[in-house]
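This is model-v8.txt. It holds compact mmCIF, C-alpha atoms.
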# COMPACT_ATOMS: atom_id res chain seq x y z
CA MET A 12 81.19 94.56 60.59
CA LYS A 13 83.91 93.82 58.06
CA ILE A 14 86.84 93.02 60.26
CA ARG A 15 89.57 90.74 59.08
CA MET A 16 92.06 89.52 61.62
CA ASN A 17 95.58 89.52 60.21
CA SER A 18 98.29 87.17 61.30
CA LEU A 19 100.08 88.23 64.44
CA LEU A 20 103.39 87.37 62.85
CA ALA A 21 103.09 90.10 60.23
CA CYS A 22 102.86 92.72 62.95
CA VAL A 23 105.81 91.71 65.08
CA PRO A 24 108.56 93.82 63.43
CA LEU A 25 106.37 96.93 63.46
CA VAL A 26 105.37 96.48 67.06
CA ALA A 27 108.93 95.84 68.17
CA ALA A 28 109.95 99.19 66.75
CA ALA A 29 106.92 101.10 67.88
CA PRO A 30 107.48 101.92 71.56
CA ALA A 31 110.40 104.24 70.83
CA PHE A 32 108.47 106.41 68.43
CA ALA A 33 105.56 108.04 70.21
CA HIS A 34 104.94 110.27 73.20
CA HIS A 35 103.35 107.29 74.90
CA SER A 36 104.10 103.59 75.06
CA PHE A 37 102.53 101.96 71.98
CA ALA A 38 101.96 98.68 73.80
CA ALA A 39 100.13 100.41 76.66
CA GLU A 40 97.50 101.85 74.34
CA TYR A 41 97.23 99.37 71.47
CA ASP A 42 97.18 95.59 71.36
CA ALA A 43 99.43 94.22 68.62
CA ALA A 44 97.76 90.85 69.11
CA LYS A 45 94.54 92.41 67.84
CA PRO A 46 95.25 93.60 64.30
CA VAL A 47 92.26 94.91 62.40
CA THR A 48 91.40 95.80 58.79
CA LEU A 49 88.39 98.05 58.17
CA THR A 50 86.88 99.64 55.08
CA GLY A 51 84.74 102.74 55.29
CA THR A 52 84.15 106.37 54.36
CA VAL A 53 86.18 109.17 55.91
CA THR A 54 83.96 111.46 58.01
CA LYS A 55 86.60 113.72 59.56
CA VAL A 56 90.36 114.38 59.53
CA GLU A 57 92.02 116.01 62.56
CA TRP A 58 95.44 117.47 61.76
CA THR A 59 96.31 117.81 65.45
CA ASN A 60 98.92 116.98 68.07
CA PRO A 61 100.06 114.77 69.60
CA HIS A 62 98.59 112.61 66.82
CA ALA A 63 96.77 113.28 63.60
CA ARG A 64 93.50 111.35 63.52
CA PHE A 65 90.84 110.40 61.05
CA TYR A 66 87.41 108.87 61.48
CA ILE A 67 85.57 106.51 59.16
CA ASN A 68 82.04 105.19 59.02
CA VAL A 69 82.04 101.42 58.71
CA LYS A 70 78.89 99.52 57.72
CA ASN A 71 78.13 96.63 60.04
CA ASP A 72 76.62 93.33 58.92
CA ASP A 73 73.33 94.23 60.64
CA GLY A 74 72.99 97.40 58.56
CA THR A 75 74.04 99.81 61.27
CA THR A 76 77.07 102.08 60.98
CA THR A 77 79.95 102.47 63.42
CA ASN A 78 82.29 105.46 63.46
CA TRP A 79 85.92 104.39 64.03
CA ASN A 80 88.72 106.63 65.31
CA PHE A 81 92.22 106.01 63.86
CA GLU A 82 95.43 107.37 65.30
CA LEU A 83 98.27 108.39 62.98
CA ALA A 84 101.75 109.75 63.68
CA SER A 85 102.24 113.40 64.61
CA PRO A 86 101.45 115.96 61.88
CA ASN A 87 105.14 116.93 61.86
CA TYR A 88 106.22 113.38 61.15
CA LEU A 89 103.59 113.05 58.43
CA LYS A 90 104.65 116.36 56.87
CA ARG A 91 108.31 115.37 56.86
CA ALA A 92 107.34 112.08 55.23
CA GLY A 93 105.64 113.98 52.42
CA TRP A 94 101.99 113.81 53.54
CA SER A 95 99.74 116.76 54.28
CA SER A 96 96.40 117.57 55.86
CA ALA A 97 94.90 117.23 52.36
CA SER A 98 96.24 113.72 51.75
CA LEU A 99 93.00 112.28 53.07
CA LYS A 100 89.64 113.98 52.61
CA GLN A 101 86.16 113.65 53.96
CA GLY A 102 84.25 111.27 51.67
CA ASP A 103 87.29 109.20 50.66
CA VAL A 104 86.68 105.47 50.84
CA VAL A 105 89.62 103.82 52.52
CA THR A 106 90.81 100.49 53.81
CA VAL A 107 92.78 100.80 57.02
CA GLU A 108 95.07 98.26 58.66
CA GLY A 109 95.95 98.79 62.28
CA SER A 110 95.95 97.58 65.87
CA LEU A 111 92.92 97.84 68.15
CA ALA A 112 92.93 100.01 71.27
CA ARG A 113 93.22 98.15 74.57
CA SER A 114 90.37 100.24 75.98
CA GLY A 115 87.84 98.43 73.80
CA ALA A 116 86.72 101.68 72.17
CA ASN A 117 86.06 101.84 68.42
CA MET A 118 89.61 103.05 68.02
CA ALA A 119 92.83 101.78 66.46
CA ASN A 120 96.34 102.79 65.50
CA ALA A 121 96.53 103.06 61.71
CA ARG A 122 99.46 101.29 60.11
CA ALA A 123 98.46 101.54 56.46
CA VAL A 124 95.72 103.50 54.72
CA THR A 125 94.73 102.61 51.15
CA LEU A 126 92.29 104.55 48.97
CA ALA A 127 89.72 102.77 46.84
CA ASP A 128 91.94 103.21 43.74
CA GLY A 129 94.82 101.44 45.49
CA HIS A 130 96.76 104.62 46.22
CA LYS A 131 98.41 104.49 49.66
CA VAL A 132 98.38 107.43 52.06
CA PHE A 133 100.06 107.67 55.44
CA ALA A 134 101.83 104.38 54.76
CA ARG A 135 103.63 103.16 57.91
CA ALA A 136 102.72 106.49 59.47
CA ALA A 137 101.94 105.26 62.94
CA THR A 138 105.07 103.27 63.60
CA ASP A 139 107.94 105.24 62.14
CA ASN A 140 110.16 107.89 63.63
CA GLY A 141 108.32 110.86 65.08
CA GLY A 142 105.03 109.15 65.85
CA MET B 5 97.88 133.53 82.67
CA ARG B 6 100.71 136.04 82.79
CA ALA B 7 103.10 133.44 84.11
CA SER B 8 102.07 130.89 81.50
CA ARG B 9 102.41 133.31 78.60
CA SER B 10 105.94 134.48 79.34
CA PRO B 11 107.65 131.26 78.19
CA TYR B 12 105.92 131.63 74.86
CA ARG B 13 107.18 135.16 74.48
CA LEU B 14 110.64 133.81 75.20
CA CYS B 15 110.06 131.11 72.59
CA VAL B 16 109.30 133.77 69.98
CA THR B 17 112.53 135.55 70.87
CA LEU B 18 114.40 132.28 70.76
CA ALA B 19 112.90 131.45 67.40
CA ALA B 20 114.25 134.71 66.01
CA LEU B 21 117.67 134.03 67.53
CA CYS B 22 117.44 130.52 66.21
CA ALA B 23 116.93 131.79 62.68
CA LEU B 24 120.06 133.91 62.99
CA SER B 25 122.07 131.01 64.32
CA PHE B 26 120.75 128.76 61.60
CA GLU B 27 121.98 131.21 59.01
CA ALA B 28 125.43 131.08 60.57
CA LEU B 29 125.30 127.29 60.61
CA ALA B 30 124.27 127.17 56.98
CA GLN B 31 127.31 129.23 56.11
CA GLN B 32 129.61 126.82 57.92
CA THR B 33 127.97 123.59 56.84
CA PRO B 34 126.28 124.04 53.49
CA VAL B 35 124.36 120.79 53.84
CA ALA B 36 122.09 122.35 56.49
CA ALA B 37 120.20 124.69 54.20
CA THR B 38 116.86 126.31 54.85
CA SER B 39 113.59 124.73 53.87
CA PRO B 40 112.03 125.23 50.47
CA ALA B 41 109.12 127.60 50.21
CA GLY B 42 105.78 126.02 50.95
CA SER B 43 107.12 123.11 52.94
CA GLY B 44 105.76 124.49 56.17
CA GLY B 45 109.22 124.27 57.64
CA ALA B 46 109.06 120.50 57.55
CA SER B 47 112.36 119.77 55.93
CA ASN B 48 114.20 120.16 52.72
CA PRO B 49 113.56 116.86 50.94
CA ALA B 50 116.64 117.33 48.80
CA LEU B 51 118.82 117.40 51.90
CA ALA B 52 116.92 115.48 54.56
CA GLY B 53 118.37 112.11 53.64
CA GLN B 54 121.97 113.25 53.41
CA LYS B 55 124.20 112.52 56.38
CA PRO B 56 127.16 114.87 56.57
CA LYS B 57 130.51 113.13 56.62
CA GLY B 58 133.78 114.11 58.24
CA PRO B 59 134.76 115.49 61.63
CA ALA B 60 132.69 117.76 63.85
CA PRO B 61 132.64 121.35 62.59
CA ARG B 62 134.25 123.94 64.84
CA LEU B 63 133.38 127.47 65.85
CA PRO B 64 135.80 130.36 65.28
CA ASN B 65 136.92 130.00 68.93
CA GLY B 66 138.04 126.44 68.21
CA LYS B 67 135.29 124.74 70.23
CA PRO B 68 133.19 122.02 68.56
CA ASP B 69 130.02 123.43 67.02
CA LEU B 70 127.06 121.55 68.49
CA SER B 71 124.44 123.60 66.67
CA GLY B 72 121.96 121.85 64.43
CA VAL B 73 118.77 119.83 64.60
CA TRP B 74 119.17 116.49 66.38
CA VAL B 75 117.04 113.45 67.18
CA GLY B 76 117.79 111.20 70.16
CA GLY B 77 120.53 111.63 72.76
CA GLY B 78 118.67 110.27 75.80
CA PRO B 79 116.44 107.45 77.00
CA VAL B 80 112.96 106.91 75.53
CA GLY B 81 111.75 103.37 76.25
CA ASN B 82 114.09 102.29 79.09
CA ILE B 83 117.12 104.11 80.52
CA LYS B 84 118.64 100.68 81.14
CA ASP B 85 119.23 100.37 77.39
CA GLY B 86 122.04 102.94 77.64
CA LEU B 87 124.00 101.42 80.54
CA LEU B 88 127.74 101.45 79.94
CA PRO B 89 129.66 98.19 80.54
CA GLY B 90 130.01 97.45 84.25
CA GLN B 91 127.23 99.85 85.20
CA GLU B 92 124.02 98.80 86.96
CA ILE B 93 120.85 100.42 88.19
CA VAL B 94 120.17 99.69 91.87
CA LEU B 95 116.91 101.17 93.09
CA LEU B 96 116.38 101.88 96.77
CA PRO B 97 113.41 99.92 98.19
CA GLU B 98 111.05 102.92 98.26
CA ALA B 99 111.92 103.86 94.67
CA GLU B 100 111.48 100.27 93.54
CA LYS B 101 108.05 100.16 95.13
CA LEU B 102 107.13 103.44 93.45
CA MET B 103 108.28 102.18 90.04
CA LYS B 104 106.42 98.87 90.34
CA GLY B 105 103.20 100.70 91.15
CA ARG B 106 103.35 103.07 88.20
CA MET B 107 100.66 102.84 85.55
CA ALA B 108 101.40 103.68 81.91
CA ALA B 109 98.56 106.22 81.79
CA ASP B 110 100.29 108.23 84.53
CA ASP B 111 103.45 108.82 82.48
CA PRO B 112 103.79 112.62 82.43
CA GLU B 113 104.99 112.46 78.84
CA ALA B 114 101.76 110.73 77.75
CA ARG B 115 99.98 113.64 79.44
CA CYS B 116 101.93 116.23 77.42
CA LEU B 117 104.18 117.24 80.32
CA PRO B 118 107.96 117.71 79.97
CA THR B 119 110.45 114.87 79.70
CA GLY B 120 112.81 116.40 82.28
CA VAL B 121 116.44 115.21 82.11
CA PRO B 122 117.91 113.05 80.59
CA ARG B 123 114.83 111.61 78.85
CA VAL B 124 114.18 112.71 75.28
CA ALA B 125 111.06 112.60 73.17
CA PRO B 126 111.25 111.04 69.70
CA TYR B 127 111.06 114.49 68.16
CA PRO B 128 113.82 116.80 66.93
CA TRP B 129 115.55 119.42 69.06
CA ARG B 130 117.95 122.21 68.20
CA VAL B 131 121.08 123.35 69.99
CA LEU B 132 121.41 127.12 69.97
CA GLN B 133 124.26 129.18 71.37
CA THR B 134 124.04 132.83 72.36
CA PRO B 135 125.75 134.97 71.46
CA SER B 136 126.37 133.16 68.18
CA TYR B 137 129.93 134.53 68.04
CA GLY B 138 132.71 134.48 70.66
CA GLU B 139 132.29 132.84 74.03
CA PRO B 140 128.71 131.76 74.73
CA THR B 141 126.91 132.90 77.87
CA HIS B 142 123.94 130.59 77.28
CA LEU B 143 123.09 127.44 75.41
CA PHE B 144 119.50 126.58 74.65
CA PHE B 145 118.10 123.19 73.74
CA LEU B 146 114.90 123.94 71.85
CA PHE B 147 112.48 121.03 71.86
CA GLU B 148 109.86 120.51 69.16
CA GLY B 149 108.13 118.01 71.48
CA ASN B 150 107.03 116.34 73.66
CA ILE B 151 106.10 119.79 74.69
CA HIS B 152 107.22 122.88 72.83
CA SER B 153 109.81 123.90 75.40
CA TYR B 154 113.47 124.52 76.01
CA ARG B 155 116.37 123.92 78.39
CA GLN B 156 118.59 126.82 79.37
CA ILE B 157 122.25 126.08 80.16
CA PHE B 158 124.33 128.85 81.73
CA MET B 159 127.83 129.02 80.27
CA ASP B 160 128.96 132.21 82.02
CA GLY B 161 130.66 130.54 84.96
CA ARG B 162 127.93 131.05 87.51
CA ALA B 163 127.28 128.50 90.26
CA HIS B 164 123.96 126.87 91.16
CA PRO B 165 122.00 129.19 93.45
CA ASP B 166 121.26 127.83 96.90
CA ASP B 167 117.58 128.78 96.87
CA LEU B 168 116.38 126.69 93.90
CA GLU B 169 112.72 125.75 93.70
CA PRO B 170 112.21 122.30 92.15
CA THR B 171 111.52 122.42 88.40
CA TRP B 172 111.08 119.99 85.49
CA TYR B 173 114.40 120.84 83.80
CA GLY B 174 116.33 121.98 86.87
CA HIS B 175 119.19 124.49 86.90
CA SER B 176 121.94 123.74 84.39
CA ILE B 177 125.50 125.07 84.26
CA GLY B 178 127.92 124.07 81.52
CA HIS B 179 131.62 124.17 80.76
CA TRP B 180 134.01 122.63 78.28
CA GLU B 181 136.47 119.88 79.12
CA GLY B 182 138.54 119.59 75.97
CA ASP B 183 136.07 118.84 73.16
CA THR B 184 133.34 117.73 75.56
CA LEU B 185 130.57 119.99 76.83
CA VAL B 186 129.82 119.09 80.45
CA ILE B 187 126.42 120.09 81.84
CA GLU B 188 125.64 119.71 85.52
CA THR B 189 122.01 120.05 86.56
CA VAL B 190 120.34 120.13 89.99
CA GLY B 191 117.08 121.53 91.33
CA PHE B 192 114.73 119.02 89.75
CA ASN B 193 111.22 118.22 90.83
CA ASP B 194 110.39 114.51 91.19
CA ARG B 195 107.49 114.47 88.73
CA PHE B 196 109.03 113.35 85.43
CA TRP B 197 109.98 109.76 84.59
CA PHE B 198 113.25 108.67 82.98
CA ASP B 199 111.45 106.48 80.43
CA PHE B 200 108.25 104.65 79.41
CA VAL B 201 108.84 101.95 82.06
CA GLY B 202 108.77 104.55 84.83
CA HIS B 203 112.27 104.73 86.33
CA PRO B 204 111.81 107.28 89.13
CA HIS B 205 114.01 109.86 90.83
CA SER B 206 113.88 112.20 93.80
CA THR B 207 114.48 115.93 94.22
CA GLN B 208 118.04 115.00 95.22
CA LEU B 209 118.74 114.12 91.57
CA LYS B 210 121.88 115.54 90.01
CA THR B 211 122.71 114.82 86.39
CA ILE B 212 126.06 115.24 84.67
CA GLU B 213 125.77 115.16 80.89
CA ARG B 214 128.87 114.97 78.70
CA TYR B 215 128.17 115.92 75.09
CA THR B 216 130.80 115.10 72.47
CA ARG B 217 130.23 115.61 68.76
CA LYS B 218 132.03 112.47 67.64
CA ASP B 219 131.69 113.39 63.97
CA ALA B 220 129.58 115.71 61.83
CA ALA B 221 126.49 113.51 62.16
CA THR B 222 126.76 112.13 65.72
CA LEU B 223 126.39 113.79 69.12
CA GLU B 224 127.27 111.44 71.98
CA ASN B 225 125.71 112.04 75.40
CA VAL B 226 127.22 110.22 78.37
CA ILE B 227 125.02 110.82 81.40
CA THR B 228 125.75 110.10 85.05
CA ILE B 229 122.72 109.86 87.31
CA ILE B 230 123.42 110.70 90.95
CA ASP B 231 120.38 110.41 93.17
CA PRO B 232 120.85 109.17 96.74
CA GLY B 233 117.11 109.60 97.22
CA ALA B 234 116.21 106.86 94.72
CA TYR B 235 119.31 104.87 93.75
CA ALA B 236 121.87 103.02 95.90
CA LYS B 237 124.74 104.30 93.75
CA PRO B 238 125.32 106.54 90.72
CA PHE B 239 125.12 104.99 87.27
CA THR B 240 126.19 106.09 83.81
CA VAL B 241 124.40 105.64 80.51
CA LYS B 242 125.21 106.63 76.94
CA PHE B 243 122.87 107.67 74.13
CA ASN B 244 123.68 109.13 70.72
CA ALA B 245 121.80 111.86 68.91
CA THR B 246 121.95 112.01 65.14
CA LEU B 247 121.89 115.14 63.01
CA ARG B 248 118.89 115.84 60.78
CA PRO B 249 120.37 118.01 58.04
CA GLY B 250 117.83 120.13 56.23
CA TRP B 251 115.26 119.89 59.05
CA ASP B 252 113.68 122.83 60.81
CA LEU B 253 111.75 122.69 64.05
CA MET B 254 108.00 122.73 63.56
CA GLU B 255 105.11 123.66 65.81
CA TYR B 256 103.97 120.88 68.13
CA ILE B 257 101.29 121.62 70.69
CA CYS B 258 100.91 118.30 72.47
CA ASN B 259 97.77 118.98 74.49
CA GLU B 260 95.76 120.22 71.53
CA ASN B 261 93.97 116.88 71.05
CA ASN B 262 95.47 114.33 73.42
CA GLN B 263 93.04 111.42 73.45
CA ASP B 264 95.65 108.84 74.38
CA VAL B 265 95.53 108.92 78.17
CA GLU B 266 91.96 107.68 78.48
CA HIS B 267 92.81 104.63 76.34
CA ILE B 268 96.15 103.66 77.91
CA ARG B 269 95.97 100.55 80.06
CA GLY B 270 98.20 98.54 82.37
CA PRO B 271 101.42 99.00 84.31
CA ALA B 272 104.20 101.20 82.96
CA GLY B 273 106.56 98.24 82.64
CA LEU B 274 104.38 96.53 80.02

Please rewrite the model in this file as structure tokens.
Amino acid sequence: MKIRMNSLLACVPLVAAAPAFAHHSFAAEYDAAKPVTLTGTVTKVEWTNPHARFYINVKNDDGTTTNWNFELASPNYLKRAGWSSASLKQGDVVTVEGSLARSGANMANARAVTLADGHKVFARAATDNGG
Amino acid sequence: MRASRSPYRLCVTLAALCALSFEALAQQTPVAATSPAGSGGASNPALAGQKPKGPAPRLPNGKPDLSGVWVGGGPVGNIKDGLLPGQEIVLLPEAEKLMKGRMAADDPEARCLPTGVPRVAPYPWRVLQTPSYGEPTHLFFLFEGNIHSYRQIFMDGRAHPDDLEPTWYGHSIGHWEGDTLVIETVGFNDRFWFDFVGHPHSTQLKTIERYTRKDAATLENVITIIDPGAYAKPFTVKFNATLRPGWDLMEYICNENNQDVEHIRGPAGL
């Protein structure tokens, strides 16, 4: 599994702002002390409330594949920020930075999503106003 | 099903009324224009970043015009954050025990239930007056989220009925004191929380909200919480809402795909 642990320090400002911007407490669902960066292929995009979500297949070191579930902000926030349901498509190869779920599931809150060509989508989506 | 559908029918009616009111608002304050075609009602990018300057606009009857799309105006993370100088929150022992035992996953808002009063969700809401001319008989606060819902405030001078059944938003009556809209609400259930950390209340809760549009972009809400069933004494908090010019309300159906609850861990005070 290609997981790179980022420095905790880099996450602090984002996490400090996060609890006020979702319908649930950010800290209760995600662990800012467990940042994660994953690269994989998008298998599904859910343009749904309370959060938009996308799923990627990540190749593990042992050759198996794990499907990861990433939470974004609400579709309304994303729309107001200029994104749409077509910003990310099935088959896109993306690198996602986020915070792991406390539940231990293959799930994380996406902070930044970067396409293979370097183009960013849903940048800062999960931590800004309207999450 | 009949009972659960009727609020949505009302929402449709309100949406139509809302459009009419918005047109009137746009005439008074040109900055709040309608959305461009194809935006899905998200916002008008050309206007969304502009904060109107100057004093609060006024209606033809001289009262401040509170209409518009706002964000904020109540507690989200912790109601304590809004305490006015000299104010303190003193929980009764039973209420303190209840709060300490609350788990984050049990927050009604995380489960797509209403915020109640005075909590707000981090989503926009619109103030709508009916009729849109003359003296209003009703005000509506239309919420985009946390659930697609509304508060109804009676402005026609009626009193609270004495046979109220407990509800999430209670029974609200409003009147003007100078340039401040005063809303008194009773008849609450005890199910909603004041914030993420789980400040509780009882069915004895009475809220007094004082809304003052301090300037074109700012709506101040000074709230007094009176609840002898949960707090040793009343306390007063203040939160500001800020105008979102160029924004429209959008659809937000919280329980469409709510996966959060099963992954939320730990006490509410985390």

Q: Just need the residues of chain A within 10 Å of chain B, counting all atoms listed in the file, so spit them out as a count of residues only.
A: 41

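Nearest-residue note for Thr76 of chain A: choosing from A:Leu99, A:Leu111, A:Lys45, A:Thr50, the minimum distance belongs to A:Thr50, counting only C-alpha atoms.
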
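Taking atom CA of Thr141 of chain B as the reference point, atom CA of Glu213 of chain B is found at 18.0 Å.
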
Q. Any idea what's packed within 10 Å of Tyr173 of chain B, counting all atoms listed in the file, ignoring anything in its chain fewer than 4 positions away? Could you give it as a list in words?
A. Pro118, Thr119, Gly120, Val121, Pro122, Tyr154, Arg155, Gln156, Thr189, Val190, Gly191, Phe192, Asn193 and Phe196 of chain B

Q.
If I take atom CA of Phe158 of chain B and atom CA of Asp194 of chain B, how far is one from the other in Å, to one decimal?
A. 22.1 Å

(Q) At a cut-off of 7 Å around the point (121.5, 119.9, 86.6) (file coordinates), what residues fall inside when counting all atoms listed in the file? I'd like the answer as a ChimeraX atom specification. (A) /B:174-177,187-191,210-212

Q. Which polymer residues have any atom within 7 Å of an atom of Thr54 of chain A, counting all atoms listed in the file, with same-chain residues fewer than 4 positions away left out, as a list in words?
A.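 After dropping sequence-adjacent residues, the list is Tyr66, Ile67, Asn68, Gln101 and Gly102 of chain A.
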
Q: May I ask which of the residues A:Ala134, A:Leu126, A:Ala119, A:Ala97 is the closest one to Val56 of chain A, counting all atoms listed in the file?
A: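 Answer, going by the shortest atom-to-atom distance: A:Ala97.
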